[in-house]
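What follows is one structure encoded as structure tokens, with my remarks underneath.
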Amino acid sequence: MTPPSVIIVGGGIAGAGLAYALAGHADVTLLERDSYLARRVPKQPVANFVEPPGTAVVRQLAAASRPFLEAPPPNFTTASIRIGCGAVTIAGEDRIEALALRLAAAREQRSDARAIDLTEAGRRFPILRPGYAAWAMLEPDSAHVNAHALHHGYLQGLRGRSGRVVTDAHVVGMRRIVGRWTVETAASGRFYADVVVNAAGASADKLAAMAGIKPLGLRAKRCLAIMLDIPLDIPPNDWPLLRDISGDLCVSADANALFISIPDIRSSASPNAAPAEEDVVAAIARLQRATTVTAGQVRHAWAGLRSFAQDQNPVVGVEHHADGFVWLAAQGGAGIKASPAISRIAAAAVLDQCFPADLAALGLRAAELSPQRLRLQQSAQPKLH
């Protein structure tokens, strides 16, 4: 049987992960609109917990991905994917209940998560400002992901199995003719395939509309990461990642630098995710409120867009209203740490295979990820006259 031809639109973690999972089982072409891959993939870890807060589905996807992230296949990458020495999550007086819920959720995944007093929190993360937090929890075995190494490994595996990557491939038109998709790009020509996968991130709804498919109503939010050069009196060595339960600050230390992540700083209708100066200033101010850091030089600032469905679960599956069109979108903050499991689910949808049995055994269901669930929500909404 001839392998299907597949075009994946979007060369980020989602598209690259699926391309890797499909390589060897399909004729894969990965289209990236930018002139080089990984432009939107941070070269430093951005506080991506291997088993993160989020919906039950997101936590299951992350847990299912952990074996791959901890022990990737041979020759996948020379760099370590799993990075970190645990995580300390803190809360102010007004967020103690939220932290208690986070602790309960963490214990469902790992028994080592525990509450710690503020003295221990300060000992583990020495620049934590005294009096800033009211309560803290420790996840000794938590980690964040080297997104750049993971992305590179996916692409290396794709190319090693005869997959094709095309950059400067900004899609400007799509149509299905006689059972095949034709995809037009602005500068890289025309491509044909049996299946098209929408892995266009924050532009996923726009790409669907281009193909004549009703958008799902996904929402895009900006996230920000900053590498700040700052002399540290105490070498970080095994400092854990520090996270505020409010979600407005994640900090990790490396030598004389701090890596600051601010997820979901604002909603965004624009595809331009360049870091705004006011956001960088606000992020450093948040850092200074939470820590004893008073100054530092910004080495690099990176911004990106993350898209979300209304129920906060990813969208992975076949579009029932268009033959040969598969969604791989709305991964929000789960895109990196859950990509191994999500990629396998998307590959099964592309190849018209059953939902992976081992993932079903964990309690995951195709219906929880399918775009059809959002279609049903759309149809249930009252119409305005």
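Within each chain, counting starts at residue 1; across the structure tokens, chains are named A, B, ... in the order shown, with ligands numbered 1 upward in that order.
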Write out as a PDB file with C-alpha atoms, in the first residue's frame all residues of range 14-257 of chain A that backbone DSSP assigns to helix (DSSP H, G or I).
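Result went into selection_18.pdb, see below:
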```pdb
ATOM      1  CA  ALA A  14       3.523  20.634  17.236  1.00  0.00           C
ATOM      2  CA  GLY A  15       4.277  20.298  13.536  1.00  0.00           C
ATOM      3  CA  ALA A  16       7.800  18.987  14.048  1.00  0.00           C
ATOM      4  CA  GLY A  17       6.655  16.412  16.597  1.00  0.00           C
ATOM      5  CA  LEU A  18       3.969  15.079  14.288  1.00  0.00           C
ATOM      6  CA  ALA A  19       6.374  15.054  11.322  1.00  0.00           C
ATOM      7  CA  TYR A  20       8.760  12.926  13.392  1.00  0.00           C
ATOM      8  CA  ALA A  21       5.951  10.535  14.399  1.00  0.00           C
ATOM      9  CA  LEU A  22       4.786  10.176  10.782  1.00  0.00           C
ATOM     10  CA  ALA A  56      -6.866  16.591  33.715  1.00  0.00           C
ATOM     11  CA  VAL A  57      -6.352  15.887  30.008  1.00  0.00           C
ATOM     12  CA  VAL A  58      -3.252  18.113  29.851  1.00  0.00           C
ATOM     13  CA  ARG A  59      -1.783  16.410  32.918  1.00  0.00           C
ATOM     14  CA  GLN A  60      -2.415  12.966  31.418  1.00  0.00           C
ATOM     15  CA  LEU A  61      -0.779  13.985  28.139  1.00  0.00           C
ATOM     16  CA  ALA A  62       2.243  15.353  29.971  1.00  0.00           C
ATOM     17  CA  ALA A  63       2.569  12.247  32.141  1.00  0.00           C
ATOM     18  CA  ALA A  64       2.342  10.030  29.063  1.00  0.00           C
ATOM     19  CA  SER A  65       5.093  12.089  27.396  1.00  0.00           C
ATOM     20  CA  ARG A  66       7.497  11.937  30.297  1.00  0.00           C
ATOM     21  CA  PRO A  67       9.172   8.595  29.395  1.00  0.00           C
ATOM     22  CA  PHE A  68      10.118   9.957  25.957  1.00  0.00           C
ATOM     23  CA  LEU A  69      11.429  13.228  27.400  1.00  0.00           C
ATOM     24  CA  GLU A  70      13.509  11.467  30.041  1.00  0.00           C
ATOM     25  CA  GLU A  93      -2.216  34.805  51.204  1.00  0.00           C
ATOM     26  CA  ASP A  94      -4.924  35.218  48.565  1.00  0.00           C
ATOM     27  CA  ARG A  95      -3.831  32.142  46.564  1.00  0.00           C
ATOM     28  CA  ILE A  96      -3.274  29.534  49.282  1.00  0.00           C
ATOM     29  CA  GLU A  97      -6.352  27.574  48.220  1.00  0.00           C
ATOM     30  CA  ALA A  98      -5.120  27.473  44.621  1.00  0.00           C
ATOM     31  CA  LEU A  99      -1.772  26.125  45.787  1.00  0.00           C
ATOM     32  CA  ALA A 100      -3.498  23.456  47.863  1.00  0.00           C
ATOM     33  CA  LEU A 101      -5.365  22.314  44.755  1.00  0.00           C
ATOM     34  CA  ARG A 102      -2.102  22.319  42.778  1.00  0.00           C
ATOM     35  CA  LEU A 103      -0.482  20.178  45.471  1.00  0.00           C
ATOM     36  CA  ALA A 104      -3.365  17.697  45.336  1.00  0.00           C
ATOM     37  CA  ALA A 105      -3.097  17.504  41.548  1.00  0.00           C
ATOM     38  CA  ALA A 106       0.665  16.987  41.740  1.00  0.00           C
ATOM     39  CA  ARG A 107       0.239  14.153  44.227  1.00  0.00           C
ATOM     40  CA  GLU A 108      -2.023  12.377  41.751  1.00  0.00           C
ATOM     41  CA  GLN A 109       0.996  12.206  39.440  1.00  0.00           C
ATOM     42  CA  LEU A 118       9.114  29.354  53.816  1.00  0.00           C
ATOM     43  CA  THR A 119      12.488  28.811  55.453  1.00  0.00           C
ATOM     44  CA  GLU A 120      13.082  25.756  53.295  1.00  0.00           C
ATOM     45  CA  ALA A 121      11.760  27.581  50.232  1.00  0.00           C
ATOM     46  CA  GLY A 122      14.271  30.365  50.823  1.00  0.00           C
ATOM     47  CA  ARG A 123      17.076  27.878  51.380  1.00  0.00           C
ATOM     48  CA  ARG A 124      16.339  26.135  48.097  1.00  0.00           C
ATOM     49  CA  ALA A 147      12.524  22.982  23.949  1.00  0.00           C
ATOM     50  CA  HIS A 148      15.252  23.744  21.430  1.00  0.00           C
ATOM     51  CA  ALA A 149      16.861  20.305  21.828  1.00  0.00           C
ATOM     52  CA  LEU A 150      13.483  18.579  21.546  1.00  0.00           C
ATOM     53  CA  HIS A 151      12.576  20.513  18.403  1.00  0.00           C
ATOM     54  CA  HIS A 152      15.981  19.808  16.842  1.00  0.00           C
ATOM     55  CA  GLY A 153      15.616  16.106  17.599  1.00  0.00           C
ATOM     56  CA  TYR A 154      12.235  15.944  15.896  1.00  0.00           C
ATOM     57  CA  LEU A 155      13.554  17.662  12.764  1.00  0.00           C
ATOM     58  CA  GLN A 156      16.699  15.544  12.661  1.00  0.00           C
ATOM     59  CA  GLY A 157      14.580  12.409  12.852  1.00  0.00           C
ATOM     60  CA  LEU A 158      12.258  13.665  10.111  1.00  0.00           C
ATOM     61  CA  ARG A 159      15.098  14.423   7.729  1.00  0.00           C
ATOM     62  CA  GLY A 160      16.779  11.114   8.547  1.00  0.00           C
ATOM     63  CA  GLY A 201      -0.442  27.634  16.139  1.00  0.00           C
ATOM     64  CA  ALA A 202      -2.120  30.974  16.776  1.00  0.00           C
ATOM     65  CA  SER A 203      -3.012  31.161  13.056  1.00  0.00           C
ATOM     66  CA  ALA A 204      -4.856  27.809  13.049  1.00  0.00           C
ATOM     67  CA  ASP A 205      -8.337  29.300  12.740  1.00  0.00           C
ATOM     68  CA  LYS A 206      -7.164  31.590   9.954  1.00  0.00           C
ATOM     69  CA  LEU A 207      -5.657  28.654   8.070  1.00  0.00           C
ATOM     70  CA  ALA A 208      -8.888  26.668   8.442  1.00  0.00           C
ATOM     71  CA  ALA A 209     -10.926  29.557   7.049  1.00  0.00           C
ATOM     72  CA  MET A 210      -8.522  29.708   4.100  1.00  0.00           C
TER      73      MET A 210
END
```
Determine, counting only C-alpha atoms, which protein, DNA and RNA residues have an atom within 9 Å of an atom of range 250-266 of chain A; residues of the same chain fewer than 6 positions away are not included. Present the result as a PDB file with N, CA and C atoms, in the first residue's frame.
```pdb
ATOM      1  N   GLN A  44      16.260  28.409  25.399  1.00  0.00           N
ATOM      2  CA  GLN A  44      16.430  28.108  26.811  1.00  0.00           C
ATOM      3  C   GLN A  44      15.109  27.555  27.331  1.00  0.00           C
ATOM      4  N   PRO A  45      15.139  26.721  28.382  1.00  0.00           N
ATOM      5  CA  PRO A  45      13.898  26.183  28.926  1.00  0.00           C
ATOM      6  C   PRO A  45      13.015  27.294  29.461  1.00  0.00           C
ATOM      7  N   VAL A  46      11.717  27.207  29.169  1.00  0.00           N
ATOM      8  CA  VAL A  46      10.799  28.271  29.577  1.00  0.00           C
ATOM      9  C   VAL A  46       9.806  27.719  30.595  1.00  0.00           C
ATOM     10  N   ALA A  47      10.312  27.209  31.696  1.00  0.00           N
ATOM     11  CA  ALA A  47       9.452  26.796  32.807  1.00  0.00           C
ATOM     12  C   ALA A  47       8.355  25.851  32.365  1.00  0.00           C
ATOM     13  N   GLY A  84      16.526  20.417  35.008  1.00  0.00           N
ATOM     14  CA  GLY A  84      15.959  20.975  36.226  1.00  0.00           C
ATOM     15  C   GLY A  84      16.251  20.157  37.453  1.00  0.00           C
ATOM     16  N   ALA A 220      -5.809  33.369  21.164  1.00  0.00           N
ATOM     17  CA  ALA A 220      -4.347  33.452  21.251  1.00  0.00           C
ATOM     18  C   ALA A 220      -3.935  34.368  22.391  1.00  0.00           C
ATOM     19  N   LYS A 221      -2.895  33.962  23.118  1.00  0.00           N
ATOM     20  CA  LYS A 221      -2.326  34.788  24.184  1.00  0.00           C
ATOM     21  C   LYS A 221      -0.814  34.865  24.012  1.00  0.00           C
ATOM     22  N   ARG A 222      -0.279  36.009  24.371  1.00  0.00           N
ATOM     23  CA  ARG A 222       1.164  36.186  24.296  1.00  0.00           C
ATOM     24  C   ARG A 222       1.839  35.601  25.530  1.00  0.00           C
ATOM     25  N   CYS A 223       3.049  35.101  25.337  1.00  0.00           N
ATOM     26  CA  CYS A 223       3.901  34.721  26.454  1.00  0.00           C
ATOM     27  C   CYS A 223       5.255  35.380  26.234  1.00  0.00           C
ATOM     28  N   LEU A 224       5.996  35.529  27.308  1.00  0.00           N
ATOM     29  CA  LEU A 224       7.252  36.271  27.256  1.00  0.00           C
ATOM     30  C   LEU A 224       8.312  35.526  28.040  1.00  0.00           C
ATOM     31  N   ALA A 225       9.538  35.531  27.533  1.00  0.00           N
ATOM     32  CA  ALA A 225      10.677  34.961  28.255  1.00  0.00           C
ATOM     33  C   ALA A 225      11.850  35.918  28.144  1.00  0.00           C
ATOM     34  N   ILE A 226      12.613  36.030  29.213  1.00  0.00           N
ATOM     35  CA  ILE A 226      13.733  36.973  29.261  1.00  0.00           C
ATOM     36  C   ILE A 226      14.938  36.277  29.883  1.00  0.00           C
ATOM     37  N   MET A 227      16.097  36.448  29.267  1.00  0.00           N
ATOM     38  CA  MET A 227      17.356  36.034  29.871  1.00  0.00           C
ATOM     39  C   MET A 227      18.011  37.289  30.426  1.00  0.00           C
ATOM     40  N   LEU A 228      18.207  37.305  31.740  1.00  0.00           N
ATOM     41  CA  LEU A 228      18.712  38.490  32.430  1.00  0.00           C
ATOM     42  C   LEU A 228      20.082  38.184  33.016  1.00  0.00           C
ATOM     43  N   ASP A 229      21.091  38.918  32.572  1.00  0.00           N
ATOM     44  CA  ASP A 229      22.433  38.778  33.148  1.00  0.00           C
ATOM     45  C   ASP A 229      22.472  39.494  34.487  1.00  0.00           C
ATOM     46  N   ILE A 230      22.877  38.759  35.531  1.00  0.00           N
ATOM     47  CA  ILE A 230      22.922  39.361  36.858  1.00  0.00           C
ATOM     48  C   ILE A 230      23.909  38.581  37.727  1.00  0.00           C
ATOM     49  N   PRO A 231      24.814  39.255  38.416  1.00  0.00           N
ATOM     50  CA  PRO A 231      25.738  38.538  39.300  1.00  0.00           C
ATOM     51  C   PRO A 231      24.997  37.986  40.508  1.00  0.00           C
ATOM     52  N   LEU A 232      25.198  36.715  40.763  1.00  0.00           N
ATOM     53  CA  LEU A 232      24.554  36.072  41.903  1.00  0.00           C
ATOM     54  C   LEU A 232      25.600  35.796  42.982  1.00  0.00           C
ATOM     55  N   PRO A 235      26.188  30.803  43.985  1.00  0.00           N
ATOM     56  CA  PRO A 235      26.069  30.066  42.723  1.00  0.00           C
ATOM     57  C   PRO A 235      24.804  29.216  42.715  1.00  0.00           C
ATOM     58  N   PRO A 236      24.060  29.207  41.594  1.00  0.00           N
ATOM     59  CA  PRO A 236      22.785  28.500  41.567  1.00  0.00           C
ATOM     60  C   PRO A 236      22.906  27.001  41.736  1.00  0.00           C
ATOM     61  N   ASN A 237      23.944  26.393  41.151  1.00  0.00           N
ATOM     62  CA  ASN A 237      24.131  24.948  41.268  1.00  0.00           C
ATOM     63  C   ASN A 237      22.815  24.195  41.061  1.00  0.00           C
ATOM     64  N   ASP A 238      22.210  23.761  42.165  1.00  0.00           N
ATOM     65  CA  ASP A 238      21.007  22.934  42.052  1.00  0.00           C
ATOM     66  C   ASP A 238      19.743  23.687  42.457  1.00  0.00           C
ATOM     67  N   TRP A 239      19.684  24.969  42.170  1.00  0.00           N
ATOM     68  CA  TRP A 239      18.457  25.699  42.476  1.00  0.00           C
ATOM     69  C   TRP A 239      17.292  25.100  41.687  1.00  0.00           C
ATOM     70  N   PRO A 240      16.144  24.968  42.315  1.00  0.00           N
ATOM     71  CA  PRO A 240      14.971  24.519  41.561  1.00  0.00           C
ATOM     72  C   PRO A 240      14.398  25.670  40.738  1.00  0.00           C
ATOM     73  N   LEU A 241      13.434  25.347  39.937  1.00  0.00           N
ATOM     74  CA  LEU A 241      12.670  26.384  39.268  1.00  0.00           C
ATOM     75  C   LEU A 241      11.694  26.991  40.279  1.00  0.00           C
ATOM     76  N   LEU A 242      11.520  28.288  40.235  1.00  0.00           N
ATOM     77  CA  LEU A 242      10.591  28.985  41.125  1.00  0.00           C
ATOM     78  C   LEU A 242       9.381  29.429  40.326  1.00  0.00           C
ATOM     79  N   ARG A 243       8.208  29.101  40.807  1.00  0.00           N
ATOM     80  CA  ARG A 243       6.974  29.447  40.102  1.00  0.00           C
ATOM     81  C   ARG A 243       5.965  30.041  41.074  1.00  0.00           C
ATOM     82  N   ASP A 244       5.345  31.146  40.657  1.00  0.00           N
ATOM     83  CA  ASP A 244       4.260  31.739  41.421  1.00  0.00           C
ATOM     84  C   ASP A 244       2.957  31.082  40.989  1.00  0.00           C
ATOM     85  N   ASP A 279       6.224  45.218  28.314  1.00  0.00           N
ATOM     86  CA  ASP A 279       6.076  43.884  28.900  1.00  0.00           C
ATOM     87  C   ASP A 279       7.381  43.425  29.549  1.00  0.00           C
ATOM     88  N   ALA A 283       7.816  42.613  33.452  1.00  0.00           N
ATOM     89  CA  ALA A 283       8.311  41.304  33.885  1.00  0.00           C
ATOM     90  C   ALA A 283       9.457  41.451  34.877  1.00  0.00           C
ATOM     91  N   ILE A 284      10.365  42.375  34.611  1.00  0.00           N
ATOM     92  CA  ILE A 284      11.483  42.592  35.532  1.00  0.00           C
ATOM     93  C   ILE A 284      10.970  43.146  36.862  1.00  0.00           C
ATOM     94  N   LEU A 287       9.744  40.264  38.838  1.00  0.00           N
ATOM     95  CA  LEU A 287      10.889  39.552  39.381  1.00  0.00           C
ATOM     96  C   LEU A 287      11.421  40.248  40.624  1.00  0.00           C
ATOM     97  N   GLY A 296      19.795  44.298  36.526  1.00  0.00           N
ATOM     98  CA  GLY A 296      20.322  43.287  35.614  1.00  0.00           C
ATOM     99  C   GLY A 296      20.248  43.771  34.184  1.00  0.00           C
ATOM    100  N   ARG A 299      19.815  40.115  28.357  1.00  0.00           N
ATOM    101  CA  ARG A 299      20.619  39.508  27.295  1.00  0.00           C
ATOM    102  C   ARG A 299      19.755  39.202  26.083  1.00  0.00           C
ATOM    103  N   LEU A 305       3.259  33.295  20.804  1.00  0.00           N
ATOM    104  CA  LEU A 305       1.807  33.218  20.930  1.00  0.00           C
ATOM    105  C   LEU A 305       1.408  31.788  21.227  1.00  0.00           C
ATOM    106  N   ARG A 306       0.506  31.631  22.180  1.00  0.00           N
ATOM    107  CA  ARG A 306      -0.027  30.311  22.495  1.00  0.00           C
ATOM    108  C   ARG A 306      -1.541  30.371  22.298  1.00  0.00           C
ATOM    109  N   GLY A 333      -0.149  26.023  26.894  1.00  0.00           N
ATOM    110  CA  GLY A 333       1.107  25.807  27.588  1.00  0.00           C
ATOM    111  C   GLY A 333       1.554  24.360  27.606  1.00  0.00           C
TER     112      GLY A 333
END
```
field: For CA of Met137 in chain A and CA of Asp117 in chain A, the interatomic separation in Å (one decimal)
entry: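 Going from CA of Met137 in chain A over to CA of Asp117 in chain A covers 8.0 Å.
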Per residue of range 23-131 of chain A within 12 Å of range 186-189 of chain A, record the nearest atom pair and its distance in Å to one decimal, counting only C-alpha atoms, with rows in chain order and ascending residue number, as JSON lines.
```
{"residue": "A:Leu31", "atom": "CA", "partner": "A:Ser188", "partner_atom": "CA", "distance": 9.4}
{"residue": "A:Glu32", "atom": "CA", "partner": "A:Ser188", "partner_atom": "CA", "distance": 10.2}
{"residue": "A:Arg33", "atom": "CA", "partner": "A:Ala186", "partner_atom": "CA", "distance": 9.1}
{"residue": "A:Asp34", "atom": "CA", "partner": "A:Ala187", "partner_atom": "CA", "distance": 10.9}
{"residue": "A:Ser35", "atom": "CA", "partner": "A:Ala187", "partner_atom": "CA", "distance": 10.6}
```
Please save N, CA and C atoms of the selected residues as a PDB file, in the first residue's frame.
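That gives us result_15.pdb:
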```pdb
ATOM      1  N   LEU A  31       5.831  22.488   6.187  1.00  0.00           N
ATOM      2  CA  LEU A  31       5.907  23.848   5.683  1.00  0.00           C
ATOM      3  C   LEU A  31       6.012  24.836   6.839  1.00  0.00           C
ATOM      4  N   GLU A  32       7.019  25.695   6.793  1.00  0.00           N
ATOM      5  CA  GLU A  32       7.232  26.717   7.818  1.00  0.00           C
ATOM      6  C   GLU A  32       7.261  28.082   7.139  1.00  0.00           C
ATOM      7  N   ARG A  33       6.456  29.007   7.633  1.00  0.00           N
ATOM      8  CA  ARG A  33       6.346  30.310   6.968  1.00  0.00           C
ATOM      9  C   ARG A  33       7.593  31.175   7.146  1.00  0.00           C
ATOM     10  N   ASP A  34       8.330  30.979   8.235  1.00  0.00           N
ATOM     11  CA  ASP A  34       9.519  31.793   8.474  1.00  0.00           C
ATOM     12  C   ASP A  34      10.693  31.298   7.634  1.00  0.00           C
ATOM     13  N   SER A  35      11.727  32.121   7.593  1.00  0.00           N
ATOM     14  CA  SER A  35      12.897  31.783   6.780  1.00  0.00           C
ATOM     15  C   SER A  35      13.789  30.747   7.454  1.00  0.00           C
TER      16      SER A  35
END
```
message: At a cut-off of 12 Å, using only C-alpha atoms, what residues contact Arg289 in chain A? Leave out same-chain residues fewer than 2 positions from it and give the result as a list of chain:residue names.
response: A:Ile127, A:Leu128, A:Arg129, A:Pro130, A:Gly131, A:Tyr132, A:Ala133, A:Asp244, A:Asp248, A:Leu249, A:Ala282, A:Ala283, A:Ile284, A:Ala285, A:Arg286, A:Leu287, A:Thr291, A:Thr292, A:Val293, A:Thr294, A:Ala295
Go ahead and save the residues from that selection, with N, CA and C atoms, as a PDB file, in the first residue's frame.
```pdb
ATOM      1  N   ILE A 127      17.355  33.625  46.495  1.00  0.00           N
ATOM      2  CA  ILE A 127      17.020  35.024  46.214  1.00  0.00           C
ATOM      3  C   ILE A 127      15.530  35.302  46.379  1.00  0.00           C
ATOM      4  N   LEU A 128      14.757  34.335  46.877  1.00  0.00           N
ATOM      5  CA  LEU A 128      13.352  34.579  47.167  1.00  0.00           C
ATOM      6  C   LEU A 128      13.240  35.663  48.234  1.00  0.00           C
ATOM      7  N   ARG A 129      12.432  36.676  47.979  1.00  0.00           N
ATOM      8  CA  ARG A 129      12.323  37.799  48.909  1.00  0.00           C
ATOM      9  C   ARG A 129      11.554  37.377  50.165  1.00  0.00           C
ATOM     10  N   PRO A 130      12.125  37.576  51.351  1.00  0.00           N
ATOM     11  CA  PRO A 130      11.414  37.241  52.588  1.00  0.00           C
ATOM     12  C   PRO A 130      10.089  38.010  52.679  1.00  0.00           C
ATOM     13  N   GLY A 131       9.053  37.304  53.054  1.00  0.00           N
ATOM     14  CA  GLY A 131       7.751  37.933  53.210  1.00  0.00           C
ATOM     15  C   GLY A 131       6.915  37.972  51.946  1.00  0.00           C
ATOM     16  N   TYR A 132       7.499  37.606  50.790  1.00  0.00           N
ATOM     17  CA  TYR A 132       6.729  37.669  49.549  1.00  0.00           C
ATOM     18  C   TYR A 132       5.664  36.574  49.498  1.00  0.00           C
ATOM     19  N   ALA A 133       6.003  35.377  49.948  1.00  0.00           N
ATOM     20  CA  ALA A 133       5.097  34.239  49.865  1.00  0.00           C
ATOM     21  C   ALA A 133       4.513  33.923  51.237  1.00  0.00           C
ATOM     22  N   ASP A 244       5.345  31.146  40.657  1.00  0.00           N
ATOM     23  CA  ASP A 244       4.260  31.739  41.421  1.00  0.00           C
ATOM     24  C   ASP A 244       2.957  31.082  40.989  1.00  0.00           C
ATOM     25  N   ASP A 248       1.999  34.235  36.961  1.00  0.00           N
ATOM     26  CA  ASP A 248       2.575  35.421  36.336  1.00  0.00           C
ATOM     27  C   ASP A 248       4.087  35.506  36.464  1.00  0.00           C
ATOM     28  N   LEU A 249       4.729  34.425  36.935  1.00  0.00           N
ATOM     29  CA  LEU A 249       6.184  34.463  37.039  1.00  0.00           C
ATOM     30  C   LEU A 249       6.753  33.060  37.212  1.00  0.00           C
ATOM     31  N   ALA A 282       7.685  45.316  32.791  1.00  0.00           N
ATOM     32  CA  ALA A 282       6.753  44.784  33.788  1.00  0.00           C
ATOM     33  C   ALA A 282       7.233  43.441  34.323  1.00  0.00           C
ATOM     34  N   ALA A 283       7.816  42.613  33.452  1.00  0.00           N
ATOM     35  CA  ALA A 283       8.311  41.304  33.885  1.00  0.00           C
ATOM     36  C   ALA A 283       9.457  41.451  34.877  1.00  0.00           C
ATOM     37  N   ILE A 284      10.365  42.375  34.611  1.00  0.00           N
ATOM     38  CA  ILE A 284      11.483  42.592  35.532  1.00  0.00           C
ATOM     39  C   ILE A 284      10.970  43.146  36.862  1.00  0.00           C
ATOM     40  N   ALA A 285       9.943  43.978  36.804  1.00  0.00           N
ATOM     41  CA  ALA A 285       9.352  44.498  38.049  1.00  0.00           C
ATOM     42  C   ALA A 285       8.746  43.366  38.872  1.00  0.00           C
ATOM     43  N   ARG A 286       8.103  42.412  38.213  1.00  0.00           N
ATOM     44  CA  ARG A 286       7.549  41.262  38.927  1.00  0.00           C
ATOM     45  C   ARG A 286       8.670  40.451  39.575  1.00  0.00           C
ATOM     46  N   LEU A 287       9.744  40.264  38.838  1.00  0.00           N
ATOM     47  CA  LEU A 287      10.889  39.552  39.381  1.00  0.00           C
ATOM     48  C   LEU A 287      11.421  40.248  40.624  1.00  0.00           C
ATOM     49  N   THR A 291      11.792  38.590  44.352  1.00  0.00           N
ATOM     50  CA  THR A 291      13.153  38.215  44.713  1.00  0.00           C
ATOM     51  C   THR A 291      13.921  39.426  45.212  1.00  0.00           C
ATOM     52  N   THR A 292      15.135  39.169  45.647  1.00  0.00           N
ATOM     53  CA  THR A 292      15.999  40.261  46.107  1.00  0.00           C
ATOM     54  C   THR A 292      16.817  40.869  44.975  1.00  0.00           C
ATOM     55  N   VAL A 293      16.553  40.461  43.742  1.00  0.00           N
ATOM     56  CA  VAL A 293      17.234  41.038  42.584  1.00  0.00           C
ATOM     57  C   VAL A 293      16.836  42.497  42.435  1.00  0.00           C
ATOM     58  N   THR A 294      17.813  43.360  42.226  1.00  0.00           N
ATOM     59  CA  THR A 294      17.522  44.797  42.093  1.00  0.00           C
ATOM     60  C   THR A 294      17.851  45.345  40.715  1.00  0.00           C
ATOM     61  N   ALA A 295      18.716  44.682  39.966  1.00  0.00           N
ATOM     62  CA  ALA A 295      19.107  45.185  38.651  1.00  0.00           C
ATOM     63  C   ALA A 295      19.636  44.038  37.808  1.00  0.00           C
TER      64      ALA A 295
END
```
- request: Tell me, as a PyMOL selection string, which residues lie within 12 Å of range 358-360 of chain A, counting only C-alpha atoms; anything in the same chain fewer than 2 positions away does not count.
  value: chain A and resi 57+60-65+340-345+348+354-356+362-368
Shortest interatomic distance to Phe308 in chain A - which of A:Ile116, A:Val183, A:Ala334, A:Ala357, counting only C-alpha atoms: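 Checking each of A:Ile116, A:Val183, A:Ala334, A:Ala357 against Phe308 in chain A, counting only C-alpha atoms, the winner is A:Ala334.
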- request: Please give the complete set of residues from range 284-325 of chain A that DSSP, run on the backbone, assigns to strand (DSSP E), formatted as a ChimeraX atom specification.
  value: /A:297-308,315-318,325
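If you measure from each of A:Val350, A:Val195, A:Leu138, A:Ala338 to Val88 in chain A using only C-alpha atoms, the closest one turns out to be A:Leu138.
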- prompt: Distance CA of Val197 in chain A-CA of Gly317 in chain A, one decimal place?
  reply: 9.3 Å
- request: Have a look at A:Ala113, A:Ala200, A:Ala301, A:Val326 and name the one nearest to Asp352 in chain A; count only C-alpha atoms.
  value: A:Val326
